[in-house]
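Visitor: My structure is in entry23.pdb, and what it holds is PDB, C-alpha atoms:
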```
ATOM      1  CA  THR A  46       5.218  -2.653 -17.946
ATOM      2  CA  ASN A  47       8.245  -4.611 -16.724
ATOM      3  CA  ALA A  48       8.361  -7.297 -19.455
ATOM      4  CA  SER A  49      10.555 -10.405 -19.111
ATOM      5  CA  TYR A  50      10.988 -13.623 -21.062
ATOM      6  CA  SER A  51       9.840 -16.729 -19.202
ATOM      7  CA  ASN A  52      11.508 -20.183 -19.242
ATOM      8  CA  ASN A  53       9.241 -20.786 -22.228
ATOM      9  CA  THR A  54      10.802 -18.760 -25.080
ATOM     10  CA  ASP A  55       7.363 -18.149 -26.595
ATOM     11  CA  GLU A  56       6.084 -16.473 -23.422
ATOM     12  CA  ILE A  57       6.618 -13.001 -21.963
ATOM     13  CA  TRP A  58       5.666 -11.920 -18.431
ATOM     14  CA  PHE A  59       4.420  -8.374 -17.916
ATOM     15  CA  VAL A  60       2.076  -6.213 -15.819
ATOM     16  CA  THR A  61      -0.944  -4.503 -17.392
ATOM     17  CA  ASP A  62      -4.265  -2.901 -16.454
ATOM     18  CA  ARG A  63      -5.784  -3.799 -19.836
ATOM     19  CA  ASP A  64      -9.506  -4.655 -19.613
ATOM     20  CA  ASN A  65      -9.435  -4.394 -15.814
ATOM     21  CA  GLU A  66      -9.673  -1.945 -12.904
ATOM     22  CA  PHE A  67      -6.247  -3.009 -11.615
ATOM     23  CA  ASN A  68      -2.782  -4.006 -12.835
ATOM     24  CA  ARG A  69      -2.538  -7.777 -13.262
ATOM     25  CA  LEU A  70       0.445 -10.090 -13.672
ATOM     26  CA  SER A  71       0.032 -11.475 -17.183
ATOM     27  CA  THR A  72       1.687 -13.488 -19.941
ATOM     28  CA  LEU A  73       1.750 -12.938 -23.695
ATOM     29  CA  ASN A  74       2.105 -15.913 -26.020
ATOM     30  CA  LEU A  75       4.291 -14.679 -28.871
ATOM     31  CA  LYS A  76       2.965 -17.254 -31.323
ATOM     32  CA  THR A  77      -0.769 -16.846 -30.727
ATOM     33  CA  LYS A  78      -0.564 -13.223 -29.438
ATOM     34  CA  LYS A  79      -2.961 -14.312 -26.667
ATOM     35  CA  ILE A  80      -2.744 -12.529 -23.292
ATOM     36  CA  THR A  81      -3.510 -14.530 -20.146
ATOM     37  CA  TYR A  82      -4.184 -12.783 -16.824
ATOM     38  CA  HIS A  83      -3.031 -14.676 -13.727
ATOM     39  CA  THR A  84      -3.933 -12.480 -10.721
ATOM     40  CA  SER A  85      -7.551 -11.583 -11.452
ATOM     41  CA  LYS A  86      -8.634 -12.943  -8.064
ATOM     42  CA  ILE A  87      -6.642 -10.182  -6.342
ATOM     43  CA  PRO A  88      -8.701  -6.949  -6.607
ATOM     44  CA  TRP A  89      -5.628  -4.727  -6.206
ATOM     45  CA  ASN A  90      -2.670  -3.519  -8.264
ATOM     46  CA  VAL A  91       0.330  -5.741  -8.845
ATOM     47  CA  GLU A  92       3.155  -3.223  -8.409
ATOM     48  CA  GLY A  93       5.957  -5.405  -9.697
ATOM     49  CA  TYR A  94       7.349  -8.915 -10.019
ATOM     50  CA  PHE A  95      10.750 -10.597  -9.914
ATOM     51  CA  LEU A  96      11.777 -13.838 -11.667
ATOM     52  CA  SER A  97      14.077 -16.411 -10.120
ATOM     53  CA  GLU A  98      17.349 -17.352 -11.851
ATOM     54  CA  ASP A  99      15.851 -20.585 -13.188
ATOM     55  CA  LYS A 100      12.617 -18.721 -14.103
ATOM     56  CA  LYS A 101      10.539 -21.341 -12.295
ATOM     57  CA  THR A 102       9.378 -18.992  -9.530
ATOM     58  CA  ILE A 103       8.086 -15.438  -9.389
ATOM     59  CA  VAL A 104       7.728 -13.164  -6.396
ATOM     60  CA  PHE A 105       5.226 -10.360  -6.958
ATOM     61  CA  VAL A 106       4.171  -7.429  -4.785
ATOM     62  CA  THR A 107       0.677  -5.948  -4.544
ATOM     63  CA  ASN A 108      -0.581  -2.633  -3.213
ATOM     64  CA  GLU A 109      -3.666  -3.481  -1.172
ATOM     65  CA  ALA A 110      -5.342  -0.274   0.069
ATOM     66  CA  GLY A 111      -1.962   1.300   0.792
ATOM     67  CA  SER A 112      -0.134  -1.696   2.272
ATOM     68  CA  ASN A 113       2.146  -4.025   0.330
ATOM     69  CA  LYS A 114       1.742  -7.787   0.281
ATOM     70  CA  MET A 115       4.044 -10.365  -1.247
ATOM     71  CA  TYR A 116       3.113 -13.501  -3.184
ATOM     72  CA  ILE A 117       5.079 -16.464  -4.544
ATOM     73  CA  MET A 118       4.029 -17.974  -7.884
ATOM     74  CA  ASN A 119       4.963 -21.218  -9.632
ATOM     75  CA  THR A 120       5.577 -20.160 -13.253
ATOM     76  CA  VAL A 121       4.707 -23.599 -14.645
ATOM     77  CA  ASP A 122       1.156 -24.025 -13.316
ATOM     78  CA  LYS A 123       0.701 -20.298 -12.392
ATOM     79  CA  SER A 124      -0.449 -21.163  -8.854
ATOM     80  CA  TYR A 125       0.457 -18.661  -6.136
ATOM     81  CA  TYR A 126       0.144 -17.998  -2.400
ATOM     82  CA  GLU A 127       0.557 -15.027  -0.078
ATOM     83  CA  VAL A 128       3.709 -14.832   2.030
ATOM     84  CA  LYS A 129       2.632 -14.695   5.669
ATOM     85  CA  ASN A 130       4.275 -13.070   8.713
ATOM     86  CA  ILE A 131       5.313  -9.898   6.881
ATOM     87  CA  PRO A 132       4.549  -6.846   9.058
ATOM     88  CA  ILE A 133       2.350  -4.037   7.716
ATOM     89  CA  GLY A 134       4.478  -1.729   5.624
ATOM     90  CA  LEU A 135       5.921  -0.916   2.213
ATOM     91  CA  ILE A 136       8.014  -3.384   0.224
ATOM     92  CA  GLY A 137      10.701  -2.095  -2.124
ATOM     93  CA  GLY A 138      12.776  -4.259  -4.434
ATOM     94  CA  ALA A 139      13.070  -8.042  -4.280
ATOM     95  CA  ASP A 140      15.456 -10.561  -5.826
ATOM     96  CA  PHE A 141      16.202 -14.262  -5.700
ATOM     97  CA  SER A 142      19.396 -15.878  -4.491
ATOM     98  CA  LYS A 143      21.429 -17.808  -7.104
ATOM     99  CA  ASP A 144      20.136 -21.144  -5.779
ATOM    100  CA  ASN A 145      16.511 -19.948  -6.158
ATOM    101  CA  GLN A 146      15.771 -20.951  -2.547
ATOM    102  CA  ASN A 147      15.601 -17.491  -0.969
ATOM    103  CA  VAL A 148      14.136 -14.068  -1.730
ATOM    104  CA  PHE A 149      15.858 -10.935  -0.502
ATOM    105  CA  PHE A 150      13.630  -7.872  -0.214
ATOM    106  CA  THR A 151      13.564  -4.407   1.337
ATOM    107  CA  GLN A 152      10.758  -3.175   3.537
ATOM    108  CA  SER A 153       9.901  -0.223   5.748
ATOM    109  CA  THR A 154       7.326  -0.534   8.527
ATOM    110  CA  ALA A 155       5.794   1.767  11.120
ATOM    111  CA  GLN A 156       8.629   0.813  13.478
ATOM    112  CA  SER A 157      11.531   0.800  11.034
ATOM    113  CA  ALA A 158      13.026   2.629   8.098
ATOM    114  CA  SER A 159      13.854   0.507   5.052
ATOM    115  CA  ASP A 160      15.763  -2.686   5.875
ATOM    116  CA  VAL A 161      16.840  -5.841   4.040
ATOM    117  CA  TYR A 162      15.153  -9.178   4.813
ATOM    118  CA  LYS A 163      15.672 -12.748   3.627
ATOM    119  CA  LEU A 164      12.718 -15.057   2.995
ATOM    120  CA  ASN A 165      13.321 -18.802   2.783
ATOM    121  CA  ILE A 166      10.725 -19.977   0.276
ATOM    122  CA  LYS A 167      10.449 -23.554   1.560
ATOM    123  CA  SER A 168      10.135 -22.796   5.288
ATOM    124  CA  GLY A 169       8.527 -19.348   5.021
ATOM    125  CA  LYS A 170      10.990 -18.064   7.623
ATOM    126  CA  ILE A 171      11.869 -14.357   7.381
ATOM    127  CA  GLU A 172      15.212 -13.140   8.670
ATOM    128  CA  GLN A 173      16.152  -9.468   9.091
ATOM    129  CA  TRP A 174      19.596  -8.720   7.646
ATOM    130  CA  THR A 175      20.041  -5.027   8.399
ATOM    131  CA  ALA A 176      18.981  -2.701  11.208
ATOM    132  CA  SER A 177      18.610   0.909  10.078
ATOM    133  CA  GLU A 178      19.642   3.656  12.456
ATOM    134  CA  LEU A 179      16.635   5.283  14.135
ATOM    135  CA  GLY A 180      18.579   7.896  16.074
ATOM    136  CA  GLU A 181      17.056   8.587  19.478
ATOM    137  CA  MET A 182      13.665   7.137  18.524
ATOM    138  CA  GLN A 183      12.520   3.973  20.265
ATOM    139  CA  GLN A 184      10.331   1.455  18.486
ATOM    140  CA  SER A 185       7.917   1.441  21.440
ATOM    141  CA  ASP A 186       7.365   5.194  20.952
ATOM    142  CA  MET A 187       6.318   4.905  17.310
ATOM    143  CA  SER A 188       2.685   4.959  16.268
ATOM    144  CA  THR A 189       1.368   2.006  14.253
ATOM    145  CA  PRO A 190      -1.061   2.849  11.435
ATOM    146  CA  LYS A 191      -4.616   1.576  11.597
ATOM    147  CA  PHE A 192      -6.532   1.133   8.343
ATOM    148  CA  ILE A 193      -9.823   3.054   8.630
ATOM    149  CA  GLU A 194     -12.868   3.394   6.391
ATOM    150  CA  TRP A 195     -15.851   5.744   6.344
ATOM    151  CA  LYS A 196     -18.870   6.373   4.133
ATOM    152  CA  SER A 197     -18.987   9.606   2.156
ATOM    153  CA  PHE A 198     -22.042  11.685   1.183
ATOM    154  CA  ASP A 199     -22.938   9.340  -1.695
ATOM    155  CA  ASN A 200     -22.256   6.156   0.311
ATOM    156  CA  LEU A 201     -18.880   5.617  -1.391
ATOM    157  CA  THR A 202     -16.381   3.974   0.960
ATOM    158  CA  ILE A 203     -13.298   6.138   1.585
ATOM    159  CA  SER A 204     -10.255   4.884   3.482
ATOM    160  CA  GLY A 205      -7.041   6.089   5.037
ATOM    161  CA  PHE A 206      -4.496   5.454   7.763
ATOM    162  CA  TYR A 207      -4.926   6.583  11.353
ATOM    163  CA  TYR A 208      -1.847   6.915  13.578
ATOM    164  CA  PRO A 209      -3.089   7.190  17.201
ATOM    165  CA  ALA A 210      -1.416   9.469  19.709
ATOM    166  CA  SER A 211       0.665   7.746  22.372
ATOM    167  CA  LYS A 212      -1.314   6.074  25.146
ATOM    168  CA  LYS A 213       0.549   8.224  27.709
ATOM    169  CA  PHE A 214      -1.816  11.071  26.719
ATOM    170  CA  THR A 215      -5.299  10.914  28.218
ATOM    171  CA  GLY A 216      -8.585  12.339  27.054
ATOM    172  CA  LYS A 217      -9.733  13.148  23.524
ATOM    173  CA  ARG A 218      -6.764  13.881  21.273
ATOM    174  CA  PRO A 219      -6.369  16.654  18.673
ATOM    175  CA  VAL A 220      -6.203  15.442  15.062
ATOM    176  CA  LEU A 221      -3.951  16.422  12.176
ATOM    177  CA  ILE A 222      -5.325  15.447   8.754
ATOM    178  CA  ASN A 223      -2.597  15.290   6.102
ATOM    179  CA  ILE A 224      -3.923  15.118   2.517
ATOM    180  CA  HIS A 225      -1.645  13.839  -0.240
ATOM    181  CA  GLY A 226      -0.949  15.610  -3.527
ATOM    182  CA  GLY A 227      -1.404  14.408  -7.042
ATOM    183  CA  PRO A 228      -4.381  14.492  -6.992
ATOM    184  CA  GLU A 229      -3.684  10.922  -8.082
ATOM    185  CA  GLY A 230      -1.287  10.190  -5.224
ATOM    186  CA  GLN A 231      -1.847   7.688  -2.448
ATOM    187  CA  SER A 232      -1.216   7.710   1.289
ATOM    188  CA  GLN A 233       0.298   4.414   2.385
ATOM    189  CA  ALA A 234       1.087   2.600   5.633
ATOM    190  CA  SER A 235       4.519   4.165   5.772
ATOM    191  CA  PHE A 236       7.237   4.883   8.310
ATOM    192  CA  LEU A 237       6.364   8.186  10.034
ATOM    193  CA  GLY A 238       9.958   9.089  10.842
ATOM    194  CA  SER A 239      10.133  12.533  12.475
ATOM    195  CA  ASN A 240       6.336  12.838  12.314
ATOM    196  CA  ASN A 241       6.290  10.531  15.339
ATOM    197  CA  TYR A 242       6.932  13.800  17.205
ATOM    198  CA  TYR A 243       3.242  14.650  16.738
ATOM    199  CA  THR A 244       1.977  11.379  18.188
ATOM    200  CA  ASN A 245       4.593  10.737  20.892
ATOM    201  CA  GLU A 246       5.586  14.219  22.098
ATOM    202  CA  MET A 247       2.604  16.432  21.266
ATOM    203  CA  GLY A 248      -0.189  13.892  21.752
ATOM    204  CA  VAL A 249      -1.673  14.614  18.335
ATOM    205  CA  SER A 250      -3.258  11.828  16.288
ATOM    206  CA  LEU A 251      -2.602  11.757  12.533
ATOM    207  CA  ILE A 252      -4.922  10.742   9.706
ATOM    208  CA  PHE A 253      -3.753  10.306   6.102
ATOM    209  CA  PRO A 254      -6.886   9.963   3.916
ATOM    210  CA  ASN A 255      -7.207   8.569   0.393
ATOM    211  CA  VAL A 256     -10.110  10.578  -1.005
ATOM    212  CA  ARG A 257     -11.746   9.715  -4.335
ATOM    213  CA  GLY A 258      -9.280  10.333  -7.142
ATOM    214  CA  SER A 259      -6.460   8.630  -5.239
ATOM    215  CA  SER A 260      -4.528   5.940  -7.077
ATOM    216  CA  GLY A 261      -4.429   2.312  -5.972
ATOM    217  CA  PHE A 262      -8.189   1.743  -5.783
ATOM    218  CA  GLY A 263      -8.973   1.076  -9.433
ATOM    219  CA  LYS A 264      -9.658   3.142 -12.563
ATOM    220  CA  THR A 265     -13.245   4.004 -11.594
ATOM    221  CA  PHE A 266     -12.247   5.390  -8.175
ATOM    222  CA  LEU A 267      -9.380   7.308  -9.824
ATOM    223  CA  ALA A 268     -11.791   9.152 -12.142
ATOM    224  CA  LYS A 269     -14.384  10.053  -9.505
ATOM    225  CA  ASP A 270     -12.965  13.547  -8.897
ATOM    226  CA  ASN A 271     -12.378  14.525 -12.518
ATOM    227  CA  GLY A 272     -13.653  17.822 -13.928
ATOM    228  CA  PHE A 273     -16.908  18.982 -12.351
ATOM    229  CA  LEU A 274     -16.638  16.169  -9.783
ATOM    230  CA  ARG A 275     -13.657  17.840  -8.062
ATOM    231  CA  GLU A 276     -15.667  19.066  -5.077
ATOM    232  CA  ASP A 277     -16.801  15.499  -4.300
ATOM    233  CA  SER A 278     -13.308  14.755  -2.963
ATOM    234  CA  VAL A 279     -13.647  17.745  -0.636
ATOM    235  CA  LYS A 280     -16.902  16.245   0.651
ATOM    236  CA  ASP A 281     -14.957  13.062   1.450
ATOM    237  CA  ILE A 282     -13.010  15.093   4.022
ATOM    238  CA  GLY A 283     -16.304  16.452   5.344
ATOM    239  CA  ALA A 284     -17.400  12.867   5.897
ATOM    240  CA  LEU A 285     -14.072  12.199   7.634
ATOM    241  CA  LEU A 286     -14.817  15.069  10.037
ATOM    242  CA  ASP A 287     -18.112  13.322  10.833
ATOM    243  CA  TRP A 288     -16.186  10.081  11.420
ATOM    244  CA  ILE A 289     -13.788  11.861  13.793
ATOM    245  CA  ALA A 290     -16.739  13.274  15.752
ATOM    246  CA  MET A 291     -17.912   9.712  16.465
ATOM    247  CA  GLN A 292     -14.554   8.490  17.799
ATOM    248  CA  PRO A 293     -14.302   8.463  21.599
ATOM    249  CA  ASP A 294     -10.522   9.061  21.491
ATOM    250  CA  LEU A 295     -10.539  12.064  19.131
ATOM    251  CA  ASP A 296     -11.437  15.739  19.672
ATOM    252  CA  LYS A 297     -13.727  17.008  16.890
ATOM    253  CA  ASP A 298     -13.118  20.606  18.026
ATOM    254  CA  LYS A 299      -9.323  20.447  17.601
ATOM    255  CA  ILE A 300      -8.580  19.506  14.000
ATOM    256  CA  MET A 301      -5.783  20.809  11.769
ATOM    257  CA  ILE A 302      -5.680  20.109   8.031
ATOM    258  CA  MET A 303      -2.547  20.290   5.905
ATOM    259  CA  GLY A 304      -1.226  19.056   2.588
ATOM    260  CA  GLY A 305       1.170  19.828  -0.233
ATOM    261  CA  SER A 306       0.424  20.539  -3.893
ATOM    262  CA  TYR A 307      -3.116  19.249  -4.576
ATOM    263  CA  GLY A 308      -3.269  18.591  -0.817
ATOM    264  CA  GLY A 309      -2.821  22.335  -0.413
ATOM    265  CA  TYR A 310      -5.900  22.976  -2.530
ATOM    266  CA  MET A 311      -7.792  20.416  -0.439
ATOM    267  CA  THR A 312      -6.639  22.167   2.748
ATOM    268  CA  LEU A 313      -8.013  25.506   1.569
ATOM    269  CA  ALA A 314     -11.227  23.993   0.208
ATOM    270  CA  THR A 315     -12.011  22.042   3.363
ATOM    271  CA  ALA A 316     -11.099  24.985   5.619
TER     272      ALA A 316
END
```
Take the structure from the file and write it as structure tokens.

Guide:
Amino acid sequence: TNASYSNNTDEIWFVTDRDNEFNRLSTLNLKTKKITYHTSKIPWNVEGYFLSEDKKTIVFVTNEAGSNKMYIMNTVDKSYYEVKNIPIGLIGGADFSKDNQNVFFTQSTAQSASDVYKLNIKSGKIEQWTASELGEMQQSDMSTPKFIEWKSFDNLTISGFYYPASKKFTGKRPVLINIHGGPEGQSQASFLGSNNYYTNEMGVSLIFPNVRGSSGFGKTFLAKDNGFLREDSVKDIGALLDWIAMQPDLDKDKIMIMGGSYGGYMTLATA
């Protein structure tokens, strides 16, 4: 997907999952028809890439277990590095300035809806350009997602995001498990928005699991709930209930499960 000519007219950049678990940033040589994969060391999907005006630099975004990371690549030698100091969240579009010195990108975090940021490539400095309206919500009142993992019945590692209830509530907290649809959807480290009402006003902790069959974890993981394996994803929630029972901050006897579409099926099946 997303093919673009490089500064070498015989070369095309594109993203593909060919011969691999994940999408990789790749090039196709039009003369030899050879495909070269450049991000094989990153065991996650490359969601997209953006070329600079002079086509000497690429910024690409990965989805790493539900959080986005950004990398800068030199298109000549294909070397790349991760951009540091970006808060946990979801990155939208990105584009280079005309002078190729800066990258503008959009991002939402646990504490902010989508805003525009400027990254200076040379210094690595990130500057926020917009401040989205949050209404009456205060950043200090918003729950920050924690990446969690647990072992399922067959020892497969399942993960998700845990949004703790506000610290102003004491004792073990009730839990709301929200299961995504699809079934090939994915819960990500996203902005909770009005769902902060659960954590900050009601004292309820939230968990958004990515059971087997969720996208973003490779082709093999995606197929693990197909056909007669469907009930295995339900068992992943059973293992999550066991995980909750071991957490000192959570109340295993006060759990609500909800979800839309396929998440609705999962809600009924786990209930």

Visitor: Would you give the centre and edge lengths, in Å to one decimal, of a box along x, y and z around the listed atoms of segment 167-185 of chain A, with 5 Å added to each side, as lines of an AutoDock Vina configuration file?

Guide:
```
center_x = 14.0
center_y = -7.5
center_z = 11.5
size_x = 22.1
size_y = 42.1
size_z = 29.9
```

Visitor: Would you kindly translate the PyMOL selection byres ((chain A and resi 190-195) around 7) into the concrete residues it picks from this file, as an NGL selection string?

Guide: :A and (155 or 188-189 or 196-197 or 202-208 or 234 or 285 or 288)

Visitor: Of the candidates A:Tyr162, A:Tyr310, A:Phe59, A:Tyr242, which shows the shortest atom-to-atom distance to Ala176 of chain A, using all atoms listed in the file?

Guide: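 Looking at the shortest contact to Ala176 of chain A, the residue is A:Tyr162.
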
Visitor: Rank A:Ser250, A:Ser159, A:Thr107, A:Asn52 by their smallest atom-to-atom distance to Met187 of chain A, using all atoms listed in the file, and report the top residue only.

Guide: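 So, comparing all the options, the nearest one is A:Ser250.
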
Visitor: Any chance you could work out the residue set of the PyMOL selection byres ((chain A and resi 110) around 8) here, as a ChimeraX atom specification?

Guide: /A:89,108-109,111-112,204,233,261-262

Visitor: Find the spatial neighbours of Lys167 of chain A, counting only C-alpha atoms, within a cut-off of 9 Å - ignore same-chain residues fewer than 3 positions away - and output them as a PyMOL selection string.

Guide: chain A and resi 146-147+164+170

Visitor: Excluding same-chain residues fewer than 4 positions from segment 124-126 of chain A, what lies within 10 Å of it counting only C-alpha atoms, as a PDB file with C-alpha atoms, in the frame of the given file?

Guide:
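The result, written out as selection.pdb:
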```pdb
ATOM      1  CA  HIS A  83      -3.031 -14.676 -13.727  1.00  0.00           C
ATOM      2  CA  THR A  84      -3.933 -12.480 -10.721  1.00  0.00           C
ATOM      3  CA  THR A 102       9.378 -18.992  -9.530  1.00  0.00           C
ATOM      4  CA  ILE A 103       8.086 -15.438  -9.389  1.00  0.00           C
ATOM      5  CA  VAL A 104       7.728 -13.164  -6.396  1.00  0.00           C
ATOM      6  CA  PHE A 105       5.226 -10.360  -6.958  1.00  0.00           C
ATOM      7  CA  MET A 115       4.044 -10.365  -1.247  1.00  0.00           C
ATOM      8  CA  TYR A 116       3.113 -13.501  -3.184  1.00  0.00           C
ATOM      9  CA  ILE A 117       5.079 -16.464  -4.544  1.00  0.00           C
ATOM     10  CA  MET A 118       4.029 -17.974  -7.884  1.00  0.00           C
ATOM     11  CA  ASN A 119       4.963 -21.218  -9.632  1.00  0.00           C
ATOM     12  CA  THR A 120       5.577 -20.160 -13.253  1.00  0.00           C
TER      13      THR A 120
END
```

Visitor: Give the answer as one residue: which of A:Asn68, A:Ile224, A:Gly180, A:Gly258 has the shortest atom-to-atom distance to Gly272 of chain A, using all atoms listed in the file?

Guide: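 For Gly272 of chain A, the nearest of the candidates is A:Gly258.
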